[in-house]
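Undergrad: Input data-v7.csv, format and content: CSV, C-alpha atoms.
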chain,number,residue,atom,x,y,z
L,1,MET,CA,0.0,0.0,0.0
L,2,GLU,CA,2.8,2.4,0.9
L,3,ILE,CA,4.5,1.6,-2.4
L,4,ASP,CA,1.3,2.2,-4.4
L,5,GLU,CA,0.9,5.5,-2.5
L,6,LEU,CA,4.4,6.6,-3.2
L,7,LYS,CA,4.1,5.7,-6.9
L,8,GLN,CA,0.9,7.8,-7.1
L,9,ILE,CA,2.6,10.7,-5.4
L,10,ILE,CA,5.5,10.6,-7.9
L,11,LYS,CA,3.1,10.5,-10.8
L,12,ASN,CA,1.2,13.5,-9.4
L,13,ALA,CA,4.5,15.4,-9.0
L,14,ASP,CA,5.3,14.6,-12.6
L,15,THR,CA,1.9,16.0,-13.7
L,16,ALA,CA,2.6,19.1,-11.7
L,17,ILE,CA,6.0,19.5,-13.5
L,18,ASN,CA,4.5,18.9,-16.9
L,19,ARG,CA,1.7,21.5,-16.2
L,20,GLU,CA,4.3,23.9,-14.6
L,21,ASP,CA,2.0,24.0,-11.6
L,22,PHE,CA,4.8,24.9,-9.1
L,23,ASP,CA,2.5,25.7,-6.2
L,24,ASP,CA,1.2,22.1,-6.4
L,25,LEU,CA,4.7,20.8,-7.0
L,26,MET,CA,6.2,22.4,-3.8
L,27,ASP,CA,3.6,20.5,-1.8
L,28,PHE,CA,5.5,17.3,-2.6
L,29,TYR,CA,8.7,18.5,-0.9
L,30,SER,CA,9.6,18.8,2.8
L,31,ASP,CA,10.6,22.2,4.0
L,32,ASP,CA,14.3,21.1,4.3
L,33,ALA,CA,14.4,19.2,1.0
L,34,THR,CA,17.5,19.2,-1.2
L,35,LEU,CA,17.3,19.1,-5.0
L,36,VAL,CA,20.2,18.3,-7.3
L,37,ILE,CA,19.9,21.0,-10.0
L,38,LYS,CA,22.9,19.5,-11.7
L,39,PRO,CA,25.9,17.6,-10.4
L,40,GLY,CA,27.7,20.0,-8.0
L,41,MET,CA,24.7,22.4,-7.8
L,42,LEU,CA,22.1,22.0,-5.1
L,43,ALA,CA,18.9,23.8,-4.2
L,44,LYS,CA,17.9,23.8,-0.5
L,45,GLY,CA,14.4,24.5,0.8
L,46,LYS,CA,11.2,25.1,-1.1
L,47,GLU,CA,12.1,28.7,-2.2
L,48,GLU,CA,15.3,27.6,-4.0
L,49,ILE,CA,13.7,24.4,-5.4
L,50,ARG,CA,10.8,26.5,-6.8
L,51,ARG,CA,13.3,28.9,-8.5
L,52,ALA,CA,15.2,25.9,-9.9
L,53,PHE,CA,12.1,24.4,-11.4
L,54,GLU,CA,11.1,27.8,-12.9
L,55,ALA,CA,14.6,28.1,-14.5
L,56,ILE,CA,14.4,24.5,-15.8
L,57,ALA,CA,11.0,25.2,-17.4
L,58,ASP,CA,12.4,28.3,-19.0
L,59,TYR,CA,15.5,26.5,-20.2
L,60,PHE,CA,13.3,23.9,-22.0
L,61,ASN,CA,11.1,26.7,-23.5
L,62,HIS,CA,8.2,25.4,-21.4
L,63,SER,CA,8.0,22.1,-23.3
L,64,LEU,CA,9.5,19.7,-20.7
L,65,ILE,CA,7.5,16.5,-20.2
L,66,VAL,CA,8.6,14.0,-17.5
L,67,ASN,CA,7.3,10.5,-17.3
L,68,GLN,CA,8.4,7.8,-14.9
L,69,GLU,CA,6.9,4.3,-15.3
L,70,LYS,CA,9.5,1.9,-14.0
L,71,MET,CA,10.1,2.3,-10.3
L,72,ALA,CA,11.7,0.4,-7.4
L,73,ILE,CA,10.8,1.5,-3.9
L,74,ILE,CA,12.6,0.3,-0.7
L,75,GLU,CA,11.2,1.3,2.6
L,76,ALA,CA,12.7,1.4,6.1
L,77,GLY,CA,10.5,2.8,8.8
L,78,ASP,CA,9.4,6.3,7.9
L,79,THR,CA,11.9,6.6,5.0
L,80,ALA,CA,11.8,5.3,1.4
L,81,LEU,CA,14.4,5.1,-1.3
L,82,VAL,CA,12.9,5.4,-4.8
L,83,ILE,CA,14.8,4.5,-8.0
L,84,ALA,CA,12.9,5.5,-11.1
L,85,ASN,CA,13.5,5.3,-14.8
L,86,ALA,CA,12.6,8.9,-15.9
L,87,LYS,CA,12.0,9.7,-19.5
L,88,LEU,CA,12.2,13.3,-20.3
L,89,SER,CA,11.3,15.0,-23.6
L,90,ALA,CA,11.3,18.6,-24.7
L,91,ASN,CA,10.5,20.2,-28.0
L,92,GLN,CA,13.4,22.5,-28.0
L,93,LYS,CA,16.8,21.9,-26.4
L,94,THR,CA,19.4,24.5,-25.9
L,95,ASN,CA,22.1,22.2,-24.8
L,96,SER,CA,22.9,18.9,-26.4
L,97,GLU,CA,24.3,17.4,-23.2
L,98,PHE,CA,20.7,17.0,-21.9
L,99,SER,CA,20.0,13.4,-21.2
L,100,MET,CA,16.6,12.2,-22.2
L,101,GLU,CA,16.5,9.1,-20.0
L,102,ARG,CA,17.8,8.9,-16.5
L,103,ASN,CA,17.7,6.6,-13.5
L,104,ALA,CA,16.6,9.1,-10.9
L,105,THR,CA,17.1,8.6,-7.1
L,106,TYR,CA,14.8,10.1,-4.5
L,107,VAL,CA,14.4,9.8,-0.8
L,108,PHE,CA,11.0,10.2,0.7
L,109,LYS,CA,10.1,10.6,4.4
L,110,LYS,CA,6.8,10.5,6.2
L,111,ASP,CA,6.0,13.7,7.9
L,112,LEU,CA,4.4,13.9,11.4
L,113,LYS,CA,0.9,13.7,9.8
L,114,GLY,CA,1.8,10.6,7.8
L,115,THR,CA,2.3,12.2,4.4
L,116,TRP,CA,5.2,11.1,2.3
L,117,ARG,CA,7.3,14.1,1.2
L,118,CYS,CA,10.4,14.2,-1.0
L,119,ILE,CA,13.5,15.2,1.1
L,120,ILE,CA,16.2,14.4,-1.5
L,121,ASP,CA,15.6,14.7,-5.2
L,122,ASN,CA,18.5,13.5,-7.3
L,123,SER,CA,17.2,13.1,-10.8
L,124,TYR,CA,20.7,12.4,-12.1
L,125,GLY,CA,21.0,9.1,-10.1
L,126,ALA,CA,24.6,7.7,-10.5
L,127,GLU,CA,25.4,10.3,-13.2
L,128,ILE,CA,26.2,12.6,-10.3
L,129,LEU,CA,29.5,10.6,-9.9
L,130,GLU,CA,30.8,11.5,-13.4
P,131,MET,CA,32.4,17.7,7.9
P,132,GLU,CA,29.2,15.6,7.8
P,133,ILE,CA,30.3,14.4,4.3
P,134,ASP,CA,33.8,13.5,5.5
P,135,GLU,CA,32.3,11.7,8.5
P,136,LEU,CA,29.9,9.7,6.2
P,137,LYS,CA,32.8,8.7,3.8
P,138,GLN,CA,34.8,7.5,6.7
P,139,ILE,CA,31.8,5.5,8.1
P,140,ILE,CA,31.4,3.8,4.7
P,141,LYS,CA,35.1,3.0,4.5
P,142,ASN,CA,35.0,1.5,7.9
P,143,ALA,CA,32.0,-0.6,7.0
P,144,ASP,CA,33.8,-1.9,3.9
P,145,THR,CA,36.8,-2.9,6.1
P,146,ALA,CA,34.4,-4.8,8.3
P,147,ILE,CA,32.9,-6.6,5.3
P,148,ASN,CA,36.4,-7.4,4.0
P,149,ARG,CA,37.4,-8.8,7.4
P,150,GLU,CA,34.1,-10.6,7.8
P,151,ASP,CA,33.7,-8.8,11.1
P,152,PHE,CA,30.0,-8.9,11.2
P,153,ASP,CA,29.6,-7.7,14.8
P,154,ASP,CA,31.4,-4.5,13.8
P,155,LEU,CA,29.4,-4.3,10.6
P,156,MET,CA,26.0,-4.5,12.3
P,157,ASP,CA,26.9,-1.4,14.2
P,158,PHE,CA,26.6,0.6,11.0
P,159,TYR,CA,23.0,-0.3,10.5
P,160,SER,CA,19.9,1.1,12.2
P,161,ASP,CA,17.6,-1.5,14.0
P,162,ASP,CA,15.0,-1.1,11.2
P,163,ALA,CA,17.4,-1.1,8.3
P,164,THR,CA,16.6,-2.7,5.0
P,165,LEU,CA,19.2,-4.4,2.8
P,166,VAL,CA,18.7,-5.4,-0.8
P,167,ILE,CA,20.2,-8.9,-1.0
P,168,LYS,CA,19.3,-9.0,-4.7
P,169,PRO,CA,16.6,-7.4,-6.7
P,170,GLY,CA,13.3,-8.6,-5.3
P,171,MET,CA,14.9,-10.0,-2.1
P,172,LEU,CA,15.2,-7.9,1.0
P,173,ALA,CA,16.6,-8.4,4.5
P,174,LYS,CA,14.9,-6.4,7.2
P,175,GLY,CA,16.5,-5.7,10.6
P,176,LYS,CA,20.0,-6.6,11.9
P,177,GLU,CA,19.4,-10.3,12.3
P,178,GLU,CA,18.3,-10.8,8.7
P,179,ILE,CA,21.0,-8.5,7.5
P,180,ARG,CA,23.7,-10.3,9.4
P,181,ARG,CA,22.5,-13.7,8.0
P,182,ALA,CA,22.6,-12.2,4.5
P,183,PHE,CA,26.2,-11.0,4.9
P,184,GLU,CA,27.2,-14.4,6.2
P,185,ALA,CA,25.6,-16.1,3.2
P,186,ILE,CA,27.3,-13.6,0.8
P,187,ALA,CA,30.7,-14.3,2.4
P,188,ASP,CA,30.1,-18.0,2.0
P,189,TYR,CA,28.9,-17.6,-1.6
P,190,PHE,CA,32.2,-15.9,-2.5
P,191,ASN,CA,34.3,-18.4,-0.6
P,192,HIS,CA,35.3,-15.8,2.0
P,193,SER,CA,37.3,-13.9,-0.6
P,194,LEU,CA,35.1,-10.9,-1.2
P,195,ILE,CA,36.8,-7.5,-1.2
P,196,VAL,CA,34.7,-4.3,-1.4
P,197,ASN,CA,36.2,-0.9,-2.1
P,198,GLN,CA,34.4,2.4,-2.7
P,199,GLU,CA,36.4,5.4,-3.7
P,200,LYS,CA,34.1,7.6,-5.7
P,201,MET,CA,31.1,8.9,-3.7
P,202,ALA,CA,28.5,11.6,-3.9
P,203,ILE,CA,26.6,12.5,-0.7
P,204,ILE,CA,23.5,14.7,-0.6
P,205,GLU,CA,22.2,15.7,2.8
P,206,ALA,CA,18.8,17.0,3.9
P,207,GLY,CA,18.4,17.4,7.6
P,208,ASP,CA,19.1,14.2,9.5
P,209,THR,CA,19.1,12.1,6.3
P,210,ALA,CA,21.7,11.6,3.6
P,211,LEU,CA,21.7,9.9,0.2
P,212,VAL,CA,24.9,8.3,-0.8
P,213,ILE,CA,25.8,7.2,-4.4
P,214,ALA,CA,29.0,5.2,-4.4
P,215,ASN,CA,31.0,3.5,-7.1
P,216,ALA,CA,31.7,0.1,-5.5
P,217,LYS,CA,34.4,-2.2,-6.9
P,218,LEU,CA,34.0,-5.8,-5.8
P,219,SER,CA,36.4,-8.6,-6.3
P,220,ALA,CA,36.5,-12.2,-5.3
P,221,ASN,CA,38.9,-15.0,-6.0
P,222,GLN,CA,36.3,-17.4,-6.9
P,223,LYS,CA,32.9,-16.8,-8.4
P,224,THR,CA,30.2,-19.3,-8.6
P,225,ASN,CA,27.9,-17.2,-10.7
P,226,SER,CA,28.9,-15.4,-13.8
P,227,GLU,CA,26.1,-12.8,-13.4
P,228,PHE,CA,27.9,-11.3,-10.5
P,229,SER,CA,28.8,-7.7,-11.4
P,230,MET,CA,32.2,-6.5,-10.3
P,231,GLU,CA,31.5,-2.8,-10.4
P,232,ARG,CA,28.3,-1.2,-9.2
P,233,ASN,CA,26.9,2.2,-8.5
P,234,ALA,CA,25.4,1.5,-5.1
P,235,THR,CA,22.8,3.7,-3.4
P,236,TYR,CA,22.5,4.1,0.4
P,237,VAL,CA,20.3,6.1,2.7
P,238,PHE,CA,21.8,7.1,6.1
P,239,LYS,CA,20.0,8.7,9.0
P,240,LYS,CA,21.3,10.3,12.1
P,241,ASP,CA,20.1,8.5,15.2
P,242,LEU,CA,19.1,10.3,18.4
P,243,LYS,CA,22.7,10.4,19.6
P,244,GLY,CA,23.9,12.0,16.4
P,245,THR,CA,25.4,8.9,14.9
P,246,TRP,CA,24.9,8.2,11.2
P,247,ARG,CA,23.5,4.8,10.6
P,248,CYS,CA,22.6,3.1,7.3
P,249,ILE,CA,18.8,2.6,7.0
P,250,ILE,CA,18.6,1.5,3.4
P,251,ASP,CA,21.4,-0.4,1.7
P,252,ASN,CA,20.9,-1.0,-2.0
P,253,SER,CA,24.2,-2.0,-3.5
P,254,TYR,CA,22.6,-2.7,-6.8
P,255,GLY,CA,21.7,1.0,-7.5
P,256,ALA,CA,19.6,1.3,-10.6
P,257,GLU,CA,20.3,-2.3,-11.6
P,258,ILE,CA,17.3,-3.1,-9.3
P,259,LEU,CA,15.0,-1.8,-12.1
P,260,GLU,CA,16.2,-4.5,-14.5
Take the structure in the file and give it back as structure tokens.
TA:
Amino acid sequence: MEIDELKQIIKNADTAINREDFDDLMDFYSDDATLVIKPGMLAKGKEEIRRAFEAIADYFNHSLIVNQEKMAIIEAGDTALVIANAKLSANQKTNSEFSMERNATYVFKKDLKGTWRCIIDNSYGAEILE
Amino acid sequence: MEIDELKQIIKNADTAINREDFDDLMDFYSDDATLVIKPGMLAKGKEEIRRAFEAIADYFNHSLIVNQEKMAIIEAGDTALVIANAKLSANQKTNSEFSMERNATYVFKKDLKGTWRCIIDNSYGAEILE
């Protein structure tokens, strides 16, 4: 059940990204969440994360579509590790280095009310090591 | 500092694996930790994790050596995601499917005393999706 719930949460977050509904999207993150903008560059907290998503949307000329079908979720207590195969597409790219398929890595944590929130968002997965 | 501390903890855990010092090794895990033994097979809690490591040591004829040099660590509050390039070697292999280099994924959490403990150990990284 927890796994189905988490999968649905991630699908809803993708929908929010694809619609550029950043108010909705910020609800998926904990207050102290960390987002990997790109290897070596982090956004910390909702304000920075929101600004990063706005910049990413702009960078892709508001045509970014994210879809994650294949997921593996491993839970331990109130924490879950999610490995997801993320397919990204955009009508226009300004940088040829952009990877269209990634194995993303997320950490989710249940807040005090029992809602799963993303606390670490590393859409680069192991690419971060390169 | 936290990152250096975590790197040292992981190096110490590798030393414990290489020496088959499982008493020492169990100290790196939280009580409710989850270990991915192989995709689709989990060990939950120290007792199961210890048995899994004993079986793994046996499987590799007590010759397994783990070394992790390249690591990326992303923190958020009391939680950290670790992506590590793990090099594994063994004198004798009984299964040709064994991968000698992996991008492992770990989640660490600070316990109430401020000690980082591994709560999710997925040495398969994104291979778990396959």
Undergrad: Within 7 Å of chain P, which residues of chain L are there when counting all atoms listed in the file? Please give them as a list in words.
TA: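 For chain L, the answer reads Asp32, Ala33, Thr34, Lys70, Met71, Ala72, Ala76, Gly77, Ile83, Asn103, Ile119, Ile120, Ala126, Ile128 and Leu129 of chain L.
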Undergrad: Can you tell me how far atom CA of Lys217 of chain P sits from atom CA of Glu231 of chain P, in Å to one decimal?
TA: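 Taking atom CA of Lys217 of chain P as the start and atom CA of Glu231 of chain P as the end point, the length is 4.6 Å.
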Undergrad: So what do you get for atom CA of Ala52 of chain L versus atom CA of Leu6 of chain L, distance-wise?
TA: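 Separating atom CA of Ala52 of chain L from atom CA of Leu6 of chain L is a distance of 23.1 Å.
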Undergrad: Do you have the atom CA of Tyr159 of chain P-atom CA of Ala43 of chain L distance handy?
TA: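 Value for the atom CA of Tyr159 of chain P-atom CA of Ala43 of chain L distance: 28.5 Å.
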Undergrad: Got a sec to check which residues sit within 8 Å of (33.4, -5.1, 10.2), counting all atoms listed in the file, and write them as a list in words?
TA: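 All residues meeting the 8 Å criterion around (33.4, -5.1, 10.2) are Asn142, Ala143, Asp144, Thr145, Ala146, Ile147, Asn148, Arg149, Glu150, Asp151, Phe152, Asp153, Asp154, Leu155 and Met156 of chain P.
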Undergrad: Can you work out which one of L:Gln68, L:Phe28, L:Gly114, L:Glu2 has the shortest atom-to-atom distance to Ile49 of chain L, counting only C-alpha atoms?
TA: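 Going through L:Gln68, L:Phe28, L:Gly114, L:Glu2 one by one, the smallest distance to Ile49 of chain L is for L:Phe28.
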